[in-house]
$ cat data.txt   # compact mmCIF, C-alpha atoms
# COMPACT_ATOMS: atom_id res chain seq x y z
CA MET A 1 216.02 46.38 -35.23
CA PRO A 2 218.32 47.99 -37.83
CA TRP A 3 221.07 48.95 -35.35
CA ALA A 4 221.73 45.34 -34.35
CA GLY A 5 223.27 44.53 -37.74
CA LEU A 6 225.56 47.55 -37.58
CA SER A 7 226.78 46.62 -34.12
CA SER A 8 227.51 43.06 -35.21
CA GLN A 9 229.31 44.28 -38.36
CA TYR A 10 231.45 46.64 -36.27
CA GLU A 11 232.35 43.87 -33.84
CA ASN A 12 233.33 41.60 -36.72
CA THR A 13 235.71 44.14 -38.23
CA HIS A 14 237.13 45.99 -35.21
CA ASP A 15 239.37 45.16 -32.28
CA ALA A 16 237.42 45.40 -29.01
CA LEU A 17 240.29 46.91 -26.98
CA THR A 18 241.51 49.62 -29.36
CA GLY A 19 238.65 50.28 -31.76
CA LEU A 20 241.06 49.79 -34.68
CA TYR A 21 240.34 47.36 -37.47
CA ASN A 22 241.09 43.72 -36.58
CA ARG A 23 243.23 41.07 -38.28
CA ALA A 24 240.36 39.61 -40.30
CA TYR A 25 239.50 43.03 -41.74
CA PHE A 26 243.17 43.77 -42.46
CA ASP A 27 243.51 40.51 -44.40
CA GLU A 28 240.27 41.18 -46.33
CA GLU A 29 241.32 44.71 -47.25
CA LEU A 30 244.80 43.62 -48.30
CA GLU A 31 243.24 41.06 -50.63
CA ARG A 32 240.67 43.56 -51.94
CA LEU A 33 243.27 46.28 -52.50
CA ALA A 34 245.57 43.80 -54.24
CA GLN A 35 242.96 43.64 -57.01
CA SER A 36 242.83 47.43 -57.34
CA ALA A 37 245.02 50.02 -59.00
CA MET A 38 246.06 51.52 -55.64
CA PHE A 39 249.81 51.07 -56.20
CA PRO A 40 252.38 51.86 -55.03
CA MET A 41 251.09 50.51 -51.72
CA SER A 42 253.12 50.84 -48.55
CA LEU A 43 252.75 48.56 -45.56
CA VAL A 44 253.81 49.54 -42.06
CA MET A 45 254.17 46.95 -39.33
CA ALA A 46 254.45 48.06 -35.71
CA ASP A 47 255.15 46.28 -32.45
CA VAL A 48 254.91 47.70 -28.93
CA ASN A 49 258.15 47.19 -27.04
CA GLU A 50 258.24 45.81 -23.49
CA LEU A 51 254.57 44.82 -23.25
CA LYS A 52 255.45 41.57 -21.47
CA GLY A 53 257.50 43.48 -18.90
CA VAL A 54 254.64 45.89 -18.25
CA ASN A 55 252.17 43.00 -17.93
CA ASP A 56 254.50 41.13 -15.54
CA ALA A 57 255.39 44.14 -13.40
CA LEU A 58 252.18 46.16 -13.38
CA GLY A 59 249.46 43.75 -14.49
CA HIS A 60 247.44 43.20 -17.63
CA ALA A 61 245.29 46.30 -17.09
CA ALA A 62 248.46 48.43 -17.40
CA GLY A 63 249.44 46.42 -20.48
CA ASP A 64 246.04 47.09 -22.02
CA GLU A 65 246.49 50.81 -21.37
CA LEU A 66 249.88 50.67 -23.12
CA ILE A 67 248.29 48.95 -26.14
CA LYS A 68 245.51 51.57 -26.23
CA MET A 69 248.05 54.39 -26.05
CA ALA A 70 250.07 52.88 -28.90
CA ALA A 71 246.87 52.48 -30.93
CA ARG A 72 245.96 56.16 -30.41
CA VAL A 73 249.45 57.33 -31.35
CA ILE A 74 249.52 55.19 -34.49
CA ARG A 75 245.93 56.01 -35.58
CA ARG A 76 246.50 59.75 -35.11
CA ALA A 77 249.48 59.76 -37.49
CA PHE A 78 247.83 58.12 -40.48
CA ARG A 79 245.27 59.37 -42.99
CA THR A 80 241.62 58.35 -42.89
CA LYS A 81 242.05 56.35 -46.12
CA ASP A 82 244.80 54.22 -44.53
CA ILE A 83 243.78 50.89 -42.98
CA VAL A 84 245.12 50.88 -39.40
CA SER A 85 244.69 47.51 -37.70
CA ARG A 86 245.63 45.67 -34.55
CA ILE A 87 246.61 42.27 -35.89
CA GLY A 88 247.87 40.61 -32.72
CA GLY A 89 248.53 41.19 -29.03
CA ASP A 90 251.00 44.05 -29.40
CA GLU A 91 251.24 44.17 -33.19
CA PHE A 92 249.71 46.66 -35.55
CA ALA A 93 249.67 46.84 -39.34
CA VAL A 94 248.82 49.72 -41.66
CA ILE A 95 247.96 49.59 -45.35
CA LEU A 96 248.73 52.85 -47.16
CA PRO A 97 247.16 52.74 -50.64
CA GLN A 98 248.77 54.85 -53.37
CA THR A 99 251.64 55.73 -51.06
CA ALA A 100 255.37 55.86 -51.74
CA THR A 101 257.91 54.69 -49.16
CA SER A 102 258.99 58.27 -48.44
CA VAL A 103 255.48 59.21 -47.27
CA ALA A 104 255.25 56.13 -45.04
CA ARG A 105 258.69 56.93 -43.56
CA GLU A 106 257.66 60.52 -42.83
CA THR A 107 254.52 59.29 -41.04
CA VAL A 108 256.56 56.91 -38.88
CA ARG A 109 259.02 59.75 -38.17
CA ARG A 110 256.08 61.84 -36.87
CA ILE A 111 255.08 58.98 -34.57
CA MET A 112 258.63 58.65 -33.25
CA ASN A 113 258.64 62.40 -32.48
CA CYS A 114 255.19 62.54 -30.85
CA PRO A 115 255.17 63.33 -27.11
CA GLU A 116 254.11 59.85 -25.95
CA VAL A 117 257.06 58.23 -27.74
CA ALA A 118 259.57 61.05 -27.21
CA ASN A 119 259.01 61.10 -23.43
CA GLY A 120 259.15 57.30 -23.12
CA GLN A 121 255.50 56.56 -22.28
CA VAL A 122 255.41 54.05 -25.15
CA SER A 123 258.10 52.51 -27.34
CA ILE A 124 257.19 51.13 -30.76
CA ALA A 125 259.29 49.37 -33.41
CA PHE A 126 258.31 49.87 -37.07
CA GLY A 127 258.99 48.19 -40.38
CA ILE A 128 258.12 49.74 -43.74
CA ALA A 129 258.02 48.25 -47.23
CA THR A 130 256.32 49.25 -50.48
CA ALA A 131 254.81 47.14 -53.26
CA LYS A 132 254.86 48.48 -56.82
CA ASP A 133 252.17 46.02 -57.93
CA ARG A 134 250.00 43.22 -56.60
CA ASP A 135 252.60 40.55 -57.41
CA GLN A 136 254.88 42.10 -54.77
CA LEU A 137 252.27 42.50 -52.06
CA ARG A 138 252.79 39.29 -50.03
CA ASP A 139 256.60 39.69 -50.15
CA THR A 140 256.16 43.32 -49.13
CA LEU A 141 254.12 42.28 -46.09
CA LYS A 142 256.81 39.80 -45.10
CA LEU A 143 259.58 42.37 -45.65
CA SER A 144 257.85 45.04 -43.53
CA ASP A 145 257.43 42.44 -40.76
CA GLU A 146 261.12 41.44 -40.97
CA ARG A 147 262.19 45.09 -40.86
CA MET A 148 260.01 45.70 -37.82
CA TYR A 149 261.56 42.78 -35.94
CA ARG A 150 265.05 43.96 -36.94
CA GLU A 151 264.29 47.44 -35.58
CA LYS A 152 262.84 45.92 -32.40
CA SER A 153 266.06 43.96 -31.90
CA GLU A 154 268.20 47.06 -32.57
CA GLN A 155 266.16 49.12 -30.11
CA LYS A 156 266.57 46.43 -27.46
CA GLN A 157 270.35 46.30 -28.00
CA SER A 158 270.66 50.09 -27.77
CA GLN A 159 268.93 50.25 -24.37
CA PRO A 160 271.34 50.70 -21.47
CA GLU A 161 271.71 47.73 -19.16
CA VAL A 162 269.90 48.17 -15.86
CA PRO A 163 271.78 46.67 -12.90
CA GLU A 164 269.78 44.04 -11.02
CA ASP A 165 270.41 45.65 -7.64
CA GLN A 166 269.15 49.22 -7.78
CA GLY A 167 268.92 49.69 -4.04
CA GLY A 168 272.52 49.58 -2.87
CA GLY A 169 271.54 47.44 0.11
CA GLY A 170 272.58 44.11 -1.36
CA THR A 171 275.71 42.14 -0.65
CA PRO A 172 278.80 42.98 -2.74
$ encode --input "data.txt" --output "structure tokens"
Amino acid sequence: MPWAGLSSQYENTHDALTGLYNRAYFDEELERLAQSAMFPMSLVMADVNELKGVNDALGHAAGDELIKMAARVIRRAFRTKDIVSRIGGDEFAVILPQTATSVARETVRRIMNCPEVANGQVSIAFGIATAKDRDQLRDTLKLSDERMYREKSEQKQSQPEVPEDQGGGGTP
């Protein structure tokens, strides 16, 4: 049955929840592209904010829906030649071959202005870095990850504090 092999290959390279490429495929492609002439190569790391809070308050099904929404928003913004992957629970990574930092920044800016992000349905932190050659690629991956975590921290600090007692019926 020829279709069985295709199904197995898809399952081995794609994330079951989002349909994006998975971590194993991301790592393989990063290694393969490191041997190519596809530089400069930008890497974008992304992390969904407040997934734990959604899971705790609304359940894991709601958390899964948040991950799927983030995946759609991210996938929609990038080109078909870009490798968009879900590499962990709420983390995504994108390889942009032959792409300068300015193009990667503009793509992330489009995501930040899309309706789902602008109206607060999903909040995503991003980190961007660009390698000029294959010798810089691993450091570039680490740098994009560090920048993403820095942005996540800055976004968390800029959120207004929510008082514990919202109801007004508590004791003073």
$ residues_around --input "data.txt" --residues "Asn113 of chain A" --least-positions-apart "6" --cutoff "12 Å" --atoms "only C-alpha atoms" --output "PyMOL selection string"
chain A and resi 73-74+77+106-107+119-120+122-124
$ residues_around --input "data.txt" --residues "segment 133-137 of chain A" --least-positions-apart "6" --cutoff "8 Å" --atoms "all atoms listed in the file" --output "VMD selection string"
chain A and resid 34 to 35 39 to 41
$ closest_atom_pairs --input "data.txt" --of "segment 36-153 of chain A" --to "segment 16-26 of chain A" --cutoff "7 Å" --atoms "only C-alpha atoms" --output "Markdown table"
| residue | atom | partner | partner_atom | distance |
| --- | --- | --- | --- | --- |
| A:Lys68 | CA | A:Thr18 | CA | 5.4 |
| A:Ala71 | CA | A:Thr18 | CA | 6.3 |
| A:Val84 | CA | A:Tyr21 | CA | 6.2 |
| A:Ser85 | CA | A:Tyr21 | CA | 4.4 |
| A:Arg86 | CA | A:Asn22 | CA | 5.3 |
| A:Ile87 | CA | A:Arg23 | CA | 4.3 |
$ write_last_selection --input "data.txt" --atoms "C-alpha atoms" --output "PDB file, in the coordinates of the input"
ATOM      1  CA  LYS A  68     245.510  51.570 -26.230  1.00  0.00           C
ATOM      2  CA  ALA A  71     246.870  52.480 -30.930  1.00  0.00           C
ATOM      3  CA  VAL A  84     245.120  50.880 -39.400  1.00  0.00           C
ATOM      4  CA  SER A  85     244.690  47.510 -37.700  1.00  0.00           C
ATOM      5  CA  ARG A  86     245.630  45.670 -34.550  1.00  0.00           C
ATOM      6  CA  ILE A  87     246.610  42.270 -35.890  1.00  0.00           C
TER       7      ILE A  87
END
$ closest_residue --input "data.txt" --among "A:Met148, A:Ile128, A:Ala118, A:Val54" --to "Val103 of chain A" --atoms "all atoms listed in the file"
A:Ile128
$ residues_around --input "data.txt" --residues "Arg147 of chain A" --least-positions-apart "6" --cutoff "9 Å" --atoms "all atoms listed in the file" --output "list in words"
Met45, Phe126, Gly127, Ile128 and Ala129 of chain A
$ atom_distance --input "data.txt" --atom1 "atom CA of Tyr149 of chain A" --atom2 "atom CA of Ala125 of chain A"
7.4 Å
$ residues_around --input "data.txt" --residues "Leu66 of chain A" --least-positions-apart "2" --cutoff "10 Å" --atoms "all atoms listed in the file" --output "number ranges by chain"
A: 48-51, 54-55, 60-64, 68-72, 90, 121-123
$ atom_distance --input "data.txt" --atom1 "atom CA of Val44 of chain A" --atom2 "atom CA of Val94 of chain A"
5.0 Å
$ closest_residue --input "data.txt" --among "A:Ile67, A:Leu141, A:Ala57, A:Leu33" --to "Gly89 of chain A" --atoms "all atoms listed in the file"
A:Ile67
$ atom_distance --input "data.txt" --atom1 "atom CA of Cys114 of chain A" --atom2 "atom CA of Glu65 of chain A"
17.4 Å
$ residues_around --input "data.txt" --residues "Ile95 of chain A" --least-positions-apart "4" --cutoff "6 Å" --atoms "only C-alpha atoms" --output "PyMOL selection string"
chain A and resi 43+82-83
$ closest_residue --input "data.txt" --among "A:Lys152, A:Lys81, A:Arg138, A:Arg109" --to "Glu31 of chain A" --atoms "all atoms listed in the file"
A:Arg138
$ closest_residue --input "data.txt" --among "A:Asp145, A:Asp139, A:Ala131, A:Arg105" --to "Ala93 of chain A" --atoms "only C-alpha atoms"
A:Asp145
$ closest_residue --input "data.txt" --among "A:Thr13, A:Gln159, A:Ser153, A:Ser42" --to "Ser102 of chain A" --atoms "only C-alpha atoms"
A:Ser42
